[in-house]
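Heads up, the thing below is written out as structure tokens.
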Amino acid sequence: MLLHLISRRVSPSFRSQPSKLSALRFSTTVSAAERLYDHLQGCKNNPEKELASAKVKLDASTINEVIKRCSPNQFQLGLRFFIWAGTQSGHRHSPYMYSKACEFLEIRANPDLIKDVVEAYGKEECFVSIKTMRIVLSLCNQAKLADEALWVLRKYPDFGLSADTIAYNLVIRLFADKGDLSMAETLMKEMDCIDLCPDVMTYTSVINGFCNAGKIDEAWNLSKAMSKHGCVLNTVTFSRILEGVCKSGDMERALEFLGEMEKEDGGGFISPNAVTYTLVIQAFCEKKRVQEALMILDRMGDRGCLPNRVTASVLIQGVVEENDEDVMDLSKLIDKLVKLGGVSLSECFSSATVSLIRLKKWEEAEKIFRLMLVQGNRPDGLACSLVLRELCSLERYQDCFFLYEEIEKANVISTIDSDIHSVLLLGLCEHGCSWEATKLAKWMLDKKMRLNVSHVKRIIQALKKTGDEDLMRRLSTI
């Protein structure tokens, strides 16, 4: 049936023509991959020299095809090909390519593959450049292999190379993410000994590691030492430390940190921004200290820092959770957010609708959503989807349909998926709402939306009971 529907949607003139272009592209890619793979098969030593003579234009699909052809007993050869390809002028591996290489060659499950390849370079006296080693380290990074990355870093001198700041930063970040902060600090100090200055990336990696480990004092002390190497503590780094303080639950200290940032009058390097304030607001809300979170919003406004959609959403959620009686406080908060700027009334109403539904306050959510439409405000896609889904779960299918009509008139860019359409259509059919079902089916046709497979049989059964032949004909095309 699916093939039939696909076939009907393709124009006859197109179907009658063989896909020469697709075939050509496919054959070209396979041909290039075959040539490269054949070169690899004929090499016992130093395959990089043999590959250089292939003179094939490299692209992502060709490289992927070659490494996919390398069976488990050829993984080392496949890895050497991937590294070689990355060193060629005119080509640079994307993060996606590194991901696919790790997947195809099972590098994470077989970390010794990295060592085997690097050692093979030495035994065969291959030419190894900084770029070669950087690709190897990037593979370690993709596979999260900190120990292997350190081993590769120690192999630089064997090839007459000196590791640079980029190489050290990559290895330091791996150990910091792993939680081995002792090694991360050791490598950082080692950089000093070989005249490599740690940069902002170096410090940020270790500071992140300390924050993740809950070692806020160490993170703060390290951030203050940044200036010794000409690295300026910026808002991003300071906010990361502040986030660690918030996660530790020490809100009084978080306020002290925020106060330090606010001392940077005139927008200094560590002047707080919307993200910074939102971190503190969210932490207070999570601790059910909503009034203090609202005070942070006031401080934010006093400094001319506009709240963003996340700020509004967090505060609205906090106020809704705190007030079980009415939505008066919520109305006041929305007014304040809109006056401050940065978020619109529609965004605030949409966030309020979502929060109320998630907290099972359906009546309040429906009132706000309908008020939004009456006032000409456009709800966002998530709010629309949740409201319609809730109406369907309550079996208020006609109400859901008419509200759907209002959403369509408002021209909302929604995320109302085929599942909601199918559930609504089924409900309308089973409750004998043929006129509404026909109209919904037409909209689904216009949007080229498919019926959810799990609902098809029940919809057809419902239609048979009503005897609505016209609607059955319409739905047979969906």
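Residue numbering restarts at 1 for every chain of the structure tokens, chains are lettered A, B, ... in their displayed order, and ligands are numbered from 1 as they appear.
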
For Leu79 (chain A), work out the shell of residues within 10 Å, counting only C-alpha atoms and skipping chain neighbours fewer than 2 positions away, then give it as a PDB file with C-alpha atoms, in the first residue's frame.
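The result, stored in result-v1.pdb:
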ATOM      1  CA  ILE A  67      36.342   2.299   5.925  1.00  0.00           C
ATOM      2  CA  CYS A  70      37.433  -2.814   5.943  1.00  0.00           C
ATOM      3  CA  GLN A  74      41.447  -4.817   8.470  1.00  0.00           C
ATOM      4  CA  PHE A  75      40.522  -2.138  10.999  1.00  0.00           C
ATOM      5  CA  GLN A  76      44.111  -0.963  11.305  1.00  0.00           C
ATOM      6  CA  LEU A  77      44.279  -0.469   7.540  1.00  0.00           C
ATOM      7  CA  PHE A  81      43.308   5.317   5.433  1.00  0.00           C
ATOM      8  CA  PHE A  82      41.058   7.623   7.447  1.00  0.00           C
ATOM      9  CA  ILE A  83      44.023   9.443   8.995  1.00  0.00           C
ATOM     10  CA  TRP A  84      45.731   9.749   5.595  1.00  0.00           C
ATOM     11  CA  ALA A  85      42.553  11.140   4.006  1.00  0.00           C
ATOM     12  CA  ALA A 101      35.056   6.387  11.778  1.00  0.00           C
ATOM     13  CA  CYS A 102      34.850   5.508  15.480  1.00  0.00           C
ATOM     14  CA  PHE A 104      32.758   1.677  11.721  1.00  0.00           C
ATOM     15  CA  LEU A 105      36.205   0.831  13.114  1.00  0.00           C
ATOM     16  CA  ILE A 107      37.681   2.311  18.142  1.00  0.00           C
ATOM     17  CA  LEU A 113      43.961   0.179  17.558  1.00  0.00           C
ATOM     18  CA  ILE A 114      45.212   3.746  18.083  1.00  0.00           C
ATOM     19  CA  VAL A 117      48.661   2.475  14.075  1.00  0.00           C
ATOM     20  CA  VAL A 136      44.760  10.771  15.836  1.00  0.00           C
ATOM     21  CA  LEU A 139      39.764  10.316  17.141  1.00  0.00           C
TER      22      LEU A 139
END

For the helix (DSSP H, G or I) assignment from backbone DSSP, which residues of region 181-235 of chain A qualify? Please present them as a ChimeraX atom specification. /A:181-193,200-212,216-229,235

Put those residues in a file: N, CA and C atoms, as a short mmCIF file (atom, residue, chain, number, x, y, z; two decimals), in the first residue's frame.
data_model
loop_
_atom_site.label_atom_id
_atom_site.label_comp_id
_atom_site.auth_asym_id
_atom_site.auth_seq_id
_atom_site.Cartn_x
_atom_site.Cartn_y
_atom_site.Cartn_z
N LEU A 181 41.24 15.05 37.63
CA LEU A 181 41.70 16.43 37.67
C LEU A 181 43.17 16.54 38.04
N SER A 182 43.68 15.53 38.73
CA SER A 182 45.10 15.52 39.07
C SER A 182 45.95 15.49 37.81
N MET A 183 45.58 14.62 36.87
CA MET A 183 46.33 14.54 35.60
C MET A 183 46.12 15.80 34.78
N ALA A 184 44.91 16.32 34.79
CA ALA A 184 44.65 17.56 34.04
C ALA A 184 45.53 18.69 34.54
N GLU A 185 45.66 18.82 35.86
CA GLU A 185 46.51 19.87 36.44
C GLU A 185 47.98 19.61 36.14
N THR A 186 48.38 18.35 36.18
CA THR A 186 49.77 17.99 35.89
C THR A 186 50.15 18.41 34.48
N LEU A 187 49.27 18.12 33.53
CA LEU A 187 49.54 18.49 32.13
C LEU A 187 49.55 20.00 31.95
N MET A 188 48.71 20.68 32.71
CA MET A 188 48.66 22.13 32.65
C MET A 188 49.98 22.74 33.12
N LYS A 189 50.52 22.21 34.23
CA LYS A 189 51.82 22.68 34.73
C LYS A 189 52.94 22.31 33.78
N GLU A 190 52.79 21.16 33.13
CA GLU A 190 53.80 20.71 32.17
C GLU A 190 53.90 21.69 31.00
N MET A 191 52.79 22.27 30.61
CA MET A 191 52.80 23.25 29.52
C MET A 191 53.74 24.41 29.84
N ASP A 192 53.72 24.84 31.09
CA ASP A 192 54.60 25.93 31.52
C ASP A 192 56.06 25.56 31.34
N CYS A 193 56.36 24.32 31.63
CA CYS A 193 57.76 23.86 31.58
C CYS A 193 58.32 23.80 30.16
N VAL A 200 42.66 30.30 27.33
CA VAL A 200 41.32 30.29 27.93
C VAL A 200 40.71 28.89 27.85
N MET A 201 40.93 28.19 26.74
CA MET A 201 40.38 26.84 26.58
C MET A 201 40.95 25.89 27.63
N THR A 202 42.24 26.03 27.92
CA THR A 202 42.88 25.17 28.92
C THR A 202 42.21 25.37 30.27
N TYR A 203 42.14 26.64 30.69
CA TYR A 203 41.56 26.94 31.99
C TYR A 203 40.10 26.54 32.06
N THR A 204 39.36 26.83 31.00
CA THR A 204 37.94 26.51 31.01
C THR A 204 37.69 25.01 31.17
N SER A 205 38.52 24.19 30.52
CA SER A 205 38.37 22.74 30.63
C SER A 205 38.55 22.27 32.07
N VAL A 206 39.61 22.78 32.72
CA VAL A 206 39.90 22.34 34.09
C VAL A 206 38.87 22.91 35.06
N ILE A 207 38.49 24.17 34.85
CA ILE A 207 37.46 24.77 35.70
C ILE A 207 36.15 23.99 35.59
N ASN A 208 35.78 23.60 34.38
CA ASN A 208 34.58 22.76 34.18
C ASN A 208 34.70 21.46 34.95
N GLY A 209 35.90 20.87 34.89
CA GLY A 209 36.13 19.62 35.61
C GLY A 209 35.94 19.78 37.11
N PHE A 210 36.49 20.86 37.67
CA PHE A 210 36.32 21.12 39.10
C PHE A 210 34.85 21.35 39.44
N CYS A 211 34.15 22.11 38.60
CA CYS A 211 32.73 22.39 38.85
C CYS A 211 31.91 21.10 38.81
N ASN A 212 32.19 20.25 37.84
CA ASN A 212 31.47 18.98 37.73
C ASN A 212 31.71 18.09 38.95
N ILE A 216 34.25 23.74 44.05
CA ILE A 216 34.05 25.12 43.65
C ILE A 216 35.24 26.00 44.05
N ASP A 217 35.80 25.77 45.26
CA ASP A 217 36.94 26.57 45.70
C ASP A 217 38.11 26.43 44.74
N GLU A 218 38.38 25.19 44.33
CA GLU A 218 39.49 24.95 43.39
C GLU A 218 39.22 25.65 42.05
N ALA A 219 37.96 25.59 41.59
CA ALA A 219 37.60 26.24 40.34
C ALA A 219 37.80 27.75 40.45
N TRP A 220 37.37 28.32 41.57
CA TRP A 220 37.49 29.76 41.77
C TRP A 220 38.96 30.20 41.84
N ASN A 221 39.77 29.44 42.58
CA ASN A 221 41.20 29.76 42.70
C ASN A 221 41.90 29.69 41.35
N LEU A 222 41.52 28.70 40.55
CA LEU A 222 42.13 28.56 39.23
C LEU A 222 41.71 29.71 38.32
N SER A 223 40.45 30.12 38.44
CA SER A 223 39.99 31.23 37.60
C SER A 223 40.75 32.52 37.91
N LYS A 224 41.11 32.72 39.19
CA LYS A 224 41.85 33.92 39.56
C LYS A 224 43.29 33.86 39.06
N ALA A 225 43.81 32.64 38.84
CA ALA A 225 45.18 32.50 38.36
C ALA A 225 45.30 32.70 36.85
N MET A 226 44.16 32.79 36.17
CA MET A 226 44.18 32.95 34.71
C MET A 226 44.94 34.19 34.27
N SER A 227 44.83 35.27 35.04
CA SER A 227 45.44 36.54 34.63
C SER A 227 46.96 36.45 34.52
N LYS A 228 47.57 35.50 35.22
CA LYS A 228 49.03 35.36 35.15
C LYS A 228 49.51 35.03 33.75
N HIS A 229 48.65 34.39 32.97
CA HIS A 229 49.00 34.03 31.59
C HIS A 229 48.26 34.90 30.58
N THR A 235 32.60 36.38 31.27
CA THR A 235 31.26 36.06 31.78
C THR A 235 30.95 34.57 31.67
#

If we count only C-alpha atoms, what is near region 421-432 of chain A at a cut-off of 10 Å, once residues fewer than 3 positions away on the same chain are taken out, given as a ChimeraX atom specification? /A:388-389,391-393,395-398,400-401,404,416-418,435-441,443-444,449-466,468,471

For the residues selected in the previous step, produce a file with C-alpha atoms as an mmCIF file, in the first residue's frame.
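Dumped everything to selection.cif:
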data_model
loop_
_atom_site.group_PDB
_atom_site.id
_atom_site.type_symbol
_atom_site.label_atom_id
_atom_site.label_comp_id
_atom_site.auth_asym_id
_atom_site.auth_seq_id
_atom_site.Cartn_x
_atom_site.Cartn_y
_atom_site.Cartn_z
ATOM 1 C CA LEU A 388 -5.090 19.514 21.767
ATOM 2 C CA ARG A 389 -3.653 16.297 23.173
ATOM 3 C CA LEU A 391 -8.664 17.691 24.940
ATOM 4 C CA CYS A 392 -8.444 14.394 23.055
ATOM 5 C CA SER A 393 -7.544 12.514 26.246
ATOM 6 C CA GLU A 395 -12.663 12.854 24.723
ATOM 7 C CA ARG A 396 -13.770 16.428 24.018
ATOM 8 C CA TYR A 397 -13.276 15.899 20.317
ATOM 9 C CA GLN A 398 -15.618 18.591 19.024
ATOM 10 C CA CYS A 400 -10.687 20.048 20.173
ATOM 11 C CA PHE A 401 -11.692 20.403 16.535
ATOM 12 C CA TYR A 404 -7.859 23.439 16.116
ATOM 13 C CA ILE A 416 0.878 19.370 15.886
ATOM 14 C CA ASP A 417 1.994 16.000 14.595
ATOM 15 C CA SER A 418 0.243 13.239 12.683
ATOM 16 C CA TRP A 435 -18.799 17.111 9.098
ATOM 17 C CA GLU A 436 -15.871 17.897 11.372
ATOM 18 C CA ALA A 437 -14.089 14.677 10.394
ATOM 19 C CA THR A 438 -14.450 15.500 6.697
ATOM 20 C CA LYS A 439 -13.024 18.965 7.200
ATOM 21 C CA LEU A 440 -10.116 17.630 9.263
ATOM 22 C CA ALA A 441 -9.418 14.996 6.612
ATOM 23 C CA TRP A 443 -6.769 19.701 6.063
ATOM 24 C CA MET A 444 -4.670 16.583 6.452
ATOM 25 C CA MET A 449 -0.114 14.397 6.418
ATOM 26 C CA ARG A 450 -0.379 10.633 6.820
ATOM 27 C CA LEU A 451 -2.666 8.751 9.156
ATOM 28 C CA ASN A 452 -1.038 7.021 12.089
ATOM 29 C CA VAL A 453 -0.912 3.340 11.075
ATOM 30 C CA SER A 454 -2.147 2.161 14.482
ATOM 31 C CA HIS A 455 -5.396 4.113 14.045
ATOM 32 C CA VAL A 456 -6.252 3.273 10.431
ATOM 33 C CA LYS A 457 -8.326 0.116 11.099
ATOM 34 C CA ARG A 458 -10.412 1.736 13.824
ATOM 35 C CA ILE A 459 -11.072 4.821 11.672
ATOM 36 C CA ILE A 460 -12.269 2.646 8.774
ATOM 37 C CA GLN A 461 -14.493 0.598 11.120
ATOM 38 C CA ALA A 462 -16.019 3.803 12.516
ATOM 39 C CA LEU A 463 -16.684 5.069 9.005
ATOM 40 C CA LYS A 464 -18.414 1.859 8.010
ATOM 41 C CA LYS A 465 -20.855 2.332 10.882
ATOM 42 C CA THR A 466 -21.730 5.862 9.767
ATOM 43 C CA ASP A 468 -20.159 8.037 5.081
ATOM 44 C CA LEU A 471 -15.359 10.554 3.810
#

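Residues with any atom within 12 Å of Gln291 (chain A), counting only C-alpha atoms and excluding same-chain neighbours fewer than 3 positions away, are Ile281, Gln282, Phe284, Cys285, Glu286, Lys287, Lys288, Leu294, Met295, Ile296, Leu297, Asp298, Leu315, Gly318, Val319, Glu322, Asn323, Asp329 and Leu333 of chain A.
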
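As for CA of Arg309 (chain A) and CA of Glu347 (chain A), they are spaced 7.0 Å apart.
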
What's the separation between CA of Trp151 (chain A) and CA of Glu124 (chain A), in Å to one decimal place? 19.2 Å

Which value, in Å to one decimal, gives the distance between CA of Ile407 (chain A) and CA of Thr353 (chain A)?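 Distance between the two atoms: 14.6 Å.
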
Using only C-alpha atoms, determine which residues lie at most 12 Å from Arg154 (chain A), disregarding the query and same-chain residues fewer than 5 positions distant; provide the list as a ChimeraX atom specification. /A:115,118,133,137,147-149,159-163,167-168,171,187

Residues within 9 Å of Lys178 (chain A), only C-alpha atoms, excluding chain neighbours under 3 positions, as number ranges by chain: A: 144, 146, 173-175, 181, 209
